[in-house]
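Right, one structure below, let's go through it.
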2 protein chains.
Amino acid sequence: MKALVTGGAGFIGSHIVDRLLERGDEVVVYDNMSTGLEDFISQHFKNHRFKLIHGDILDLERLTKEMTGIDIVFHLAAHADVRSGFIDHKIDIEQNLMGTINVLEAMKINGVKKIAFSSTSSVYGDATIIPTPENYPFFPTSLYGSSKASAETYIATFCEYYDMTAYIFRFVSWVGERYTHGLVFDFLSKLEKDPTCLHILGDGTQKKSYLYVRDGVDAIFTVIDKAKEKMNIYNLGNDEIIDVTDSAKVIIGEAGYKNVRLTYEGGDKGWIGDNKYVLLDTKKLHSLGWKAGKDTREGLRITTRYLLNNPGVIKKRNGRLAPKS
Amino acid sequence: MKALVTGGAGFIGSHIVDRLLERGDEVVVYDNMSTGLEDFISQHFKNHRFKLIHGDILDLERLTKEMTGIDIVFHLAAHADVRSGFIDHKIDIEQNLMGTINVLEAMKINGVKKIAFSSTSSVYGDATIIPTPENYPFFPTSLYGSSKASAETYIATFCEYYDMTAYIFRFVSWVGERYTHGLVFDFLSKLEKDPTCLHILGDGTQKKSYLYVRDGVDAIFTVIDKAKEKMNIYNLGNDEIIDVTDSAKVIIGEAGYKNVRLTYEGGDKGWIGDNKYVLLDTKKLHSLGWKAGKDTREGLRITTRYLLNNPGVIKKRNGRLAPKS
């Protein structure tokens with residue numbers, strides 16, 4: 001099988017690339033390297049089944065050219081910062097929705113029939129059914145969520161128009177090796193500046209589930225290998241939740257900080273558009289035989305160690321996190 | 001109340017304008033007149049509570065300027081031809097999704113807090129639950145459906161970000177006075193060319209529900225007056241369905257054609273992306289006290305008479321339908 005992975009130099013994308021190459025597949029990474037890192041994929045540079053294209057999904061001509069002969073697209077490239085959409089209304093539309101439409105157009109032109117897509121629990125917004133099942137309707141509360149929900153509806157239509165098959169994964173937050181942004185990163189950045197105090201957005205009671213990246217990749221390939229519908233939609237998450245205060249304690253403990261005072265911004269959400277209680281119903285995924293190998297706390301601990309042990313990678317990412325020493 | 005009606009010179013929009021003026025409200029019609037007709041609103045030209053702006057919703061600057069002092073936006077402007085999205089992938093995105101995002105941006109800039117939006121039963125696609133309730137998830141099978149579903153998700157986020165209230169109406173096909181495109185129009189156009197034979201797309205078994213325009217407008221104002229949520233989502237449809245062959249017979253009978261032979265294109269859908277069985281669950285709407293005044297067949301008969309009695313209007317619309325006789 002020959003796969004094209006958009007965002008294949010990113011956190012999740014690079015783990016998918018590892019898995020595809022382990023399976024014996026051919027891989028084209030298509031990444032604009034805006035947040036992806038060569039360090040995440042350089043181990044494959046000498047593999048003849050691997051190719052890296054520095055390309056942008058908004059460049060339809062290039063994307064179309066590179067999709068020649070591809071059997072499946074893993075579309076991971078995205079603007080993944082949920083918060084910034086409130087300030088910049090255009091970025092999610094452009095990167096996530098228009099980018100996805102370009103991927104679909106390039107697939108259509110090349111006759112590519114399969115797409116795996118990284119959607120998000122944010123499509124559900126503040127769901128009133130917890131754990132939230134896949135047939136819960138879309139009520140996003142962020143432009144990130146809107147852009148991913150919209151992208152799903154375009155994938156649905158392209159599947160109908162051009163007889164494509166889609167594997168849509170609605171992710172909770174992922175953690176693990178190569179993690180480069182999000183809660184653990186933010187907390188360690190703050191602690192590096194002030195090891196005595198950690199300021200938490202919201203009131204600390206927001207509840208989230210985190211999925212360990214290798215478990216998530218297992219889930220993706222389980223679905224692709226076993227699911228048989230035209231539109232295969234699966235929640236991907238851990239069945240455990242943790243509140244933000246407890247997450248902070250796990251991260252502080254693993255990083256070895258002592259006597260850290262927790263302060264709170266207040267309010268029941270971390271930011272405008274945040275969802276205060278994210279727990280997905282993963283029965284559908286479990287029915288295919290998948291199980292998480294790491295729980296939420298282990299995932300957070302692994303991520304903390306990874307960030308502390310890889311200051312170089314993180315510095316390249318945005319120059320914000322230095323080693324704790 | 002001062003209302004801005006995008007697409008206010010169109011079929012449904014102009015009926016909303018009539019109702020707003022009857023209620024004593026002030027109305028700004030914002031229409032690019034691409035399919036709208038002055039004949040539909042010229043009766044109000046001397047009313048000091050009425051103003052017509054020839055403007056495009058894709059012109060954000062103009063739209064923002066004209067939204068000054070508005071209390072509620074009725075956003076009806078859209079590319080409403082479901083079929084053409086298969087050929088032209090850009091038109092629904094631009095007119096329906098980007099247009100709606102512009103409306104939301106202009107509302108945000110002006111502090112307008114209420115939007116009524118014309119969505120569609122097409123957001124559900126080929127629903128497996130019939131009649132289809134509002135909490136059925138989005139699986140559109142046309143880019144028209146995708147664009148409207150996407151627009152809904154952007155409205156949801158703007159409501160969250162900027163404390164707006166939305167009234168979202170998922171329409172079946174509407175019929176009645178000022179109807180300018182769709183099944184009745186197509187059938188009468190074909191019969192005018194050949195009164196002996198009517199060729200039907202699909203196999204004639206597709207089942208649809210049609211809503212009479214004045215009943216639909218009643219429903220819209222019932223919801224706006226009574227619904228109290230942040231996001232008020234209502235299916236709007238008739239509780240009766242009719243298959244395409246029966247629709248053809250009603251139209252042929254009302255138009256007075258005799259001995260018309262029906263021929264069929266074949267296939268269980270009228271076109272790529274069509275939904276073969278559209279019946280919406282309208283319990284939520286009925287719970288507010290709304291009832292349809294005209295059934296589906298009456299609606300089709302009224303529309304047939306309207307088209308035959310108003311060849312001038314229809315000629316202006318696209319020059320295709322001349323009077324029978």
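Labels for the structure tokens follow display order: chains A, B, ..., residues from 1 in each chain, ligands from 1.
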Mind the document's chain letters and residue numbers, and return as a PyMOL selection string the residues of stretch 197-294 of chain A that DSSP labels strand (DSSP E). chain A and resi 197-200+207-208+210-212+231-236+242-243+261-264
Selected residues written out, C-alpha atoms, as an mmCIF file, in the first residue's frame:
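Heads up, here's the output in again-v2.cif:
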```cif
data_model
loop_
_atom_site.group_PDB
_atom_site.id
_atom_site.type_symbol
_atom_site.label_atom_id
_atom_site.label_comp_id
_atom_site.auth_asym_id
_atom_site.auth_seq_id
_atom_site.Cartn_x
_atom_site.Cartn_y
_atom_site.Cartn_z
ATOM 1 C CA CYS A 197 3.773 28.630 41.306
ATOM 2 C CA LEU A 198 1.591 27.218 38.530
ATOM 3 C CA HIS A 199 -1.239 29.388 37.236
ATOM 4 C CA ILE A 200 -4.130 27.352 35.831
ATOM 5 C CA LYS A 207 -12.336 17.221 33.060
ATOM 6 C CA LYS A 208 -10.487 15.762 30.094
ATOM 7 C CA TYR A 210 -5.883 11.996 27.179
ATOM 8 C CA LEU A 211 -4.896 9.261 24.774
ATOM 9 C CA TYR A 212 -1.370 7.886 24.578
ATOM 10 C CA MET A 231 -18.072 6.358 6.353
ATOM 11 C CA ASN A 232 -16.332 4.786 9.358
ATOM 12 C CA ILE A 233 -16.596 7.220 12.240
ATOM 13 C CA TYR A 234 -14.864 6.385 15.509
ATOM 14 C CA ASN A 235 -14.280 8.213 18.748
ATOM 15 C CA LEU A 236 -10.683 7.776 19.944
ATOM 16 C CA ILE A 242 -8.782 13.570 34.985
ATOM 17 C CA ASP A 243 -9.416 17.127 36.070
ATOM 18 C CA ARG A 261 1.445 26.646 44.694
ATOM 19 C CA LEU A 262 -1.513 26.311 42.321
ATOM 20 C CA THR A 263 -3.376 29.507 41.419
ATOM 21 C CA TYR A 264 -6.463 29.747 39.236
#
```
Could you work out which residues of chain B fall inside 6 Å of chain A? Count only C-alpha atoms, and format the result as an MDAnalysis selection string. chainID B and resid 135 137 140:142 146 150 153:154 157 160
Restrict the selected residues to N, CA and C atoms and save them as a PDB file, in the first residue's frame.
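So again-v7.pdb came out as:
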```pdb
ATOM      1  N   ASN B 135     -31.997  15.805  16.187  1.00  0.00           N
ATOM      2  CA  ASN B 135     -30.722  15.352  16.762  1.00  0.00           C
ATOM      3  C   ASN B 135     -30.056  14.251  15.932  1.00  0.00           C
ATOM      4  N   PRO B 137     -27.482  13.003  13.294  1.00  0.00           N
ATOM      5  CA  PRO B 137     -26.208  13.648  12.910  1.00  0.00           C
ATOM      6  C   PRO B 137     -26.139  14.008  11.420  1.00  0.00           C
ATOM      7  N   PRO B 140     -24.395  14.680   5.025  1.00  0.00           N
ATOM      8  CA  PRO B 140     -24.872  15.186   3.737  1.00  0.00           C
ATOM      9  C   PRO B 140     -24.310  14.384   2.577  1.00  0.00           C
ATOM     10  N   THR B 141     -25.076  14.346   1.504  1.00  0.00           N
ATOM     11  CA  THR B 141     -24.647  13.625   0.299  1.00  0.00           C
ATOM     12  C   THR B 141     -24.484  14.587  -0.872  1.00  0.00           C
ATOM     13  N   SER B 142     -24.544  15.885  -0.607  1.00  0.00           N
ATOM     14  CA  SER B 142     -24.359  16.888  -1.658  1.00  0.00           C
ATOM     15  C   SER B 142     -23.521  18.016  -1.079  1.00  0.00           C
ATOM     16  N   SER B 146     -23.506  19.846   2.546  1.00  0.00           N
ATOM     17  CA  SER B 146     -22.274  20.087   3.321  1.00  0.00           C
ATOM     18  C   SER B 146     -22.138  21.565   3.674  1.00  0.00           C
ATOM     19  N   SER B 150     -22.152  22.876   7.410  1.00  0.00           N
ATOM     20  CA  SER B 150     -20.972  23.605   7.879  1.00  0.00           C
ATOM     21  C   SER B 150     -21.371  24.977   8.415  1.00  0.00           C
ATOM     22  N   THR B 153     -22.518  24.849  11.853  1.00  0.00           N
ATOM     23  CA  THR B 153     -21.479  24.691  12.887  1.00  0.00           C
ATOM     24  C   THR B 153     -20.775  26.026  13.154  1.00  0.00           C
ATOM     25  N   TYR B 154     -20.678  26.881  12.128  1.00  0.00           N
ATOM     26  CA  TYR B 154     -20.092  28.212  12.355  1.00  0.00           C
ATOM     27  C   TYR B 154     -21.057  29.092  13.152  1.00  0.00           C
ATOM     28  N   THR B 157     -20.679  28.216  16.816  1.00  0.00           N
ATOM     29  CA  THR B 157     -19.500  28.792  17.478  1.00  0.00           C
ATOM     30  C   THR B 157     -19.646  30.298  17.686  1.00  0.00           C
ATOM     31  N   GLU B 160     -21.586  30.881  20.689  1.00  0.00           N
ATOM     32  CA  GLU B 160     -20.780  30.660  21.894  1.00  0.00           C
ATOM     33  C   GLU B 160     -19.815  31.829  22.129  1.00  0.00           C
TER      34      GLU B 160
END
```
Got a sec: who's within 9 Å of A:Glu38, counting only C-alpha atoms, leaving out chain neighbours fewer than 5 positions off, as a PyMOL selection string? chain A and resi 9-10+33
Which neighbours of stretch 102-104 of chain B fall inside 9 Å, counting only C-alpha atoms, when residues of the same chain fewer than 5 positions from it are skipped, and could you give them as a PyMOL selection string? chain B and resi 6+57-60+63-64+73+75+97+109+112+115+154-155+158
For N, CA and C atoms, I'd like the residues from the last selection saved as a compact mmCIF listing (two decimals), in the first residue's frame.
```txt
# COMPACT_ATOMS: atom_id res chain seq x y z
N THR B 6 -31.28 38.86 4.21
CA THR B 6 -30.45 38.56 3.03
C THR B 6 -31.27 37.67 2.12
N ILE B 57 -23.61 39.28 -0.22
CA ILE B 57 -23.12 38.88 1.11
C ILE B 57 -21.62 38.59 1.09
N LEU B 58 -21.05 38.40 -0.10
CA LEU B 58 -19.60 38.19 -0.16
C LEU B 58 -18.84 39.51 -0.05
N ASP B 59 -19.57 40.63 -0.10
CA ASP B 59 -18.98 41.96 0.09
C ASP B 59 -19.12 42.32 1.57
N LEU B 60 -18.12 41.91 2.35
CA LEU B 60 -18.21 42.05 3.81
C LEU B 60 -18.30 43.51 4.25
N LEU B 63 -21.85 44.73 3.58
CA LEU B 63 -22.76 44.01 4.47
C LEU B 63 -22.65 44.57 5.90
N THR B 64 -21.42 44.82 6.32
CA THR B 64 -21.18 45.36 7.66
C THR B 64 -21.82 46.74 7.80
N VAL B 73 -31.06 39.26 11.98
CA VAL B 73 -30.80 38.97 10.57
C VAL B 73 -31.54 37.70 10.20
N HIS B 75 -31.16 35.20 7.46
CA HIS B 75 -30.16 34.92 6.43
C HIS B 75 -30.69 33.84 5.48
N LEU B 97 -21.43 28.82 2.55
CA LEU B 97 -20.61 28.79 3.76
C LEU B 97 -19.88 30.12 3.98
N ILE B 109 -19.39 42.48 14.34
CA ILE B 109 -18.88 43.86 14.29
C ILE B 109 -19.95 44.85 14.74
N VAL B 112 -24.97 42.63 16.49
CA VAL B 112 -26.29 42.05 16.25
C VAL B 112 -26.34 40.67 16.92
N ILE B 115 -29.88 35.64 14.84
CA ILE B 115 -29.88 35.22 13.43
C ILE B 115 -30.88 34.09 13.21
N TYR B 154 -20.68 26.88 12.13
CA TYR B 154 -20.09 28.21 12.35
C TYR B 154 -21.06 29.09 13.15
N ILE B 155 -22.33 28.98 12.88
CA ILE B 155 -23.32 29.73 13.66
C ILE B 155 -23.22 29.31 15.13
N PHE B 158 -20.18 31.01 16.71
CA PHE B 158 -20.39 32.45 16.91
C PHE B 158 -21.37 32.69 18.06
```
Suppose you want the space between atom CA of A:Thr222 and atom CA of A:Gly289; what is it in Å? 7.9 Å
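Taking atom CA of B:Arg305 and atom CA of B:Ile252 as endpoints, the distance between them is 11.0 Å.
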According to DSSP computed on the backbone, where in stretch 118-296 of chain B is there alpha helix (DSSP H)? Give the residues as a ChimeraX atom specification. /B:143-162,183-193,213-226,244-255,283-286,296
Using only C-alpha atoms, please write the residues we just selected to a file, as a PDB file, in the first residue's frame.
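After the write, selection-v5.pdb holds the following:
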```
ATOM      1  CA  LEU B 143     -22.038  19.874  -1.430  1.00  0.00           C
ATOM      2  CA  TYR B 144     -25.180  21.952  -0.918  1.00  0.00           C
ATOM      3  CA  GLY B 145     -25.910  19.873   2.199  1.00  0.00           C
ATOM      4  CA  SER B 146     -22.274  20.087   3.321  1.00  0.00           C
ATOM      5  CA  SER B 147     -22.221  23.849   2.941  1.00  0.00           C
ATOM      6  CA  LYS B 148     -25.416  24.310   4.962  1.00  0.00           C
ATOM      7  CA  ALA B 149     -24.313  21.824   7.651  1.00  0.00           C
ATOM      8  CA  SER B 150     -20.972  23.605   7.879  1.00  0.00           C
ATOM      9  CA  ALA B 151     -22.683  26.981   8.110  1.00  0.00           C
ATOM     10  CA  GLU B 152     -24.691  25.650  11.066  1.00  0.00           C
ATOM     11  CA  THR B 153     -21.479  24.691  12.887  1.00  0.00           C
ATOM     12  CA  TYR B 154     -20.092  28.212  12.355  1.00  0.00           C
ATOM     13  CA  ILE B 155     -23.316  29.730  13.662  1.00  0.00           C
ATOM     14  CA  ALA B 156     -22.993  27.500  16.756  1.00  0.00           C
ATOM     15  CA  THR B 157     -19.500  28.792  17.478  1.00  0.00           C
ATOM     16  CA  PHE B 158     -20.391  32.448  16.909  1.00  0.00           C
ATOM     17  CA  CYS B 159     -23.297  31.970  19.340  1.00  0.00           C
ATOM     18  CA  GLU B 160     -20.780  30.660  21.894  1.00  0.00           C
ATOM     19  CA  TYR B 161     -18.100  33.295  21.229  1.00  0.00           C
ATOM     20  CA  TYR B 162     -20.346  36.354  20.986  1.00  0.00           C
ATOM     21  CA  LEU B 183     -39.625  20.120  -9.337  1.00  0.00           C
ATOM     22  CA  VAL B 184     -42.848  21.945 -10.341  1.00  0.00           C
ATOM     23  CA  PHE B 185     -40.892  24.424 -12.433  1.00  0.00           C
ATOM     24  CA  ASP B 186     -38.924  21.647 -14.148  1.00  0.00           C
ATOM     25  CA  PHE B 187     -42.021  19.565 -14.903  1.00  0.00           C
ATOM     26  CA  LEU B 188     -43.973  22.501 -16.335  1.00  0.00           C
ATOM     27  CA  SER B 189     -40.968  23.553 -18.420  1.00  0.00           C
ATOM     28  CA  LYS B 190     -40.698  20.069 -19.895  1.00  0.00           C
ATOM     29  CA  LEU B 191     -44.462  19.840 -20.523  1.00  0.00           C
ATOM     30  CA  GLU B 192     -44.448  23.169 -22.261  1.00  0.00           C
ATOM     31  CA  LYS B 193     -41.892  21.826 -24.727  1.00  0.00           C
ATOM     32  CA  VAL B 213     -44.563  28.906   1.853  1.00  0.00           C
ATOM     33  CA  ARG B 214     -47.077  30.712   4.061  1.00  0.00           C
ATOM     34  CA  ASP B 215     -47.128  27.734   6.436  1.00  0.00           C
ATOM     35  CA  GLY B 216     -43.338  27.824   6.514  1.00  0.00           C
ATOM     36  CA  VAL B 217     -43.304  31.534   7.302  1.00  0.00           C
ATOM     37  CA  ASP B 218     -45.833  30.904  10.100  1.00  0.00           C
ATOM     38  CA  ALA B 219     -43.479  28.256  11.455  1.00  0.00           C
ATOM     39  CA  ILE B 220     -40.460  30.583  11.367  1.00  0.00           C
ATOM     40  CA  PHE B 221     -42.250  33.303  13.324  1.00  0.00           C
ATOM     41  CA  THR B 222     -43.747  30.790  15.750  1.00  0.00           C
ATOM     42  CA  VAL B 223     -40.225  29.609  16.584  1.00  0.00           C
ATOM     43  CA  ILE B 224     -38.748  33.103  16.829  1.00  0.00           C
ATOM     44  CA  ASP B 225     -41.553  34.219  19.125  1.00  0.00           C
ATOM     45  CA  LYS B 226     -41.613  31.146  21.363  1.00  0.00           C
ATOM     46  CA  VAL B 244     -42.277  11.864  -7.662  1.00  0.00           C
ATOM     47  CA  THR B 245     -44.691  10.002  -9.956  1.00  0.00           C
ATOM     48  CA  ASP B 246     -47.662  11.160  -7.869  1.00  0.00           C
ATOM     49  CA  SER B 247     -46.275  14.701  -7.811  1.00  0.00           C
ATOM     50  CA  ALA B 248     -46.119  14.583 -11.602  1.00  0.00           C
ATOM     51  CA  LYS B 249     -49.744  13.445 -11.760  1.00  0.00           C
ATOM     52  CA  VAL B 250     -50.899  16.272  -9.457  1.00  0.00           C
ATOM     53  CA  ILE B 251     -49.038  18.872 -11.525  1.00  0.00           C
ATOM     54  CA  ILE B 252     -50.216  17.465 -14.858  1.00  0.00           C
ATOM     55  CA  GLY B 253     -53.810  17.344 -13.592  1.00  0.00           C
ATOM     56  CA  GLU B 254     -53.756  20.902 -12.252  1.00  0.00           C
ATOM     57  CA  ALA B 255     -52.166  22.241 -15.437  1.00  0.00           C
ATOM     58  CA  LYS B 283     -42.820  17.145  16.678  1.00  0.00           C
ATOM     59  CA  LYS B 284     -40.608  19.885  18.087  1.00  0.00           C
ATOM     60  CA  LEU B 285     -42.248  22.480  15.839  1.00  0.00           C
ATOM     61  CA  HIS B 286     -45.756  21.158  16.554  1.00  0.00           C
ATOM     62  CA  THR B 296     -48.400  18.618   0.119  1.00  0.00           C
TER      63      THR B 296
END
```
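The space separating atom CA of A:Asp126 from atom CA of A:Val278 comes to 8.0 Å.
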Near-B:Phe74 list (12 Å; only C-alpha atoms; drop same-chain fewer than 2 positions) as an MDAnalysis selection string: chainID B and resid 2:8 12:17 20 27:31 67 70:72 76:78 100 103:104 107 112:119 166:169 217 220:221 224
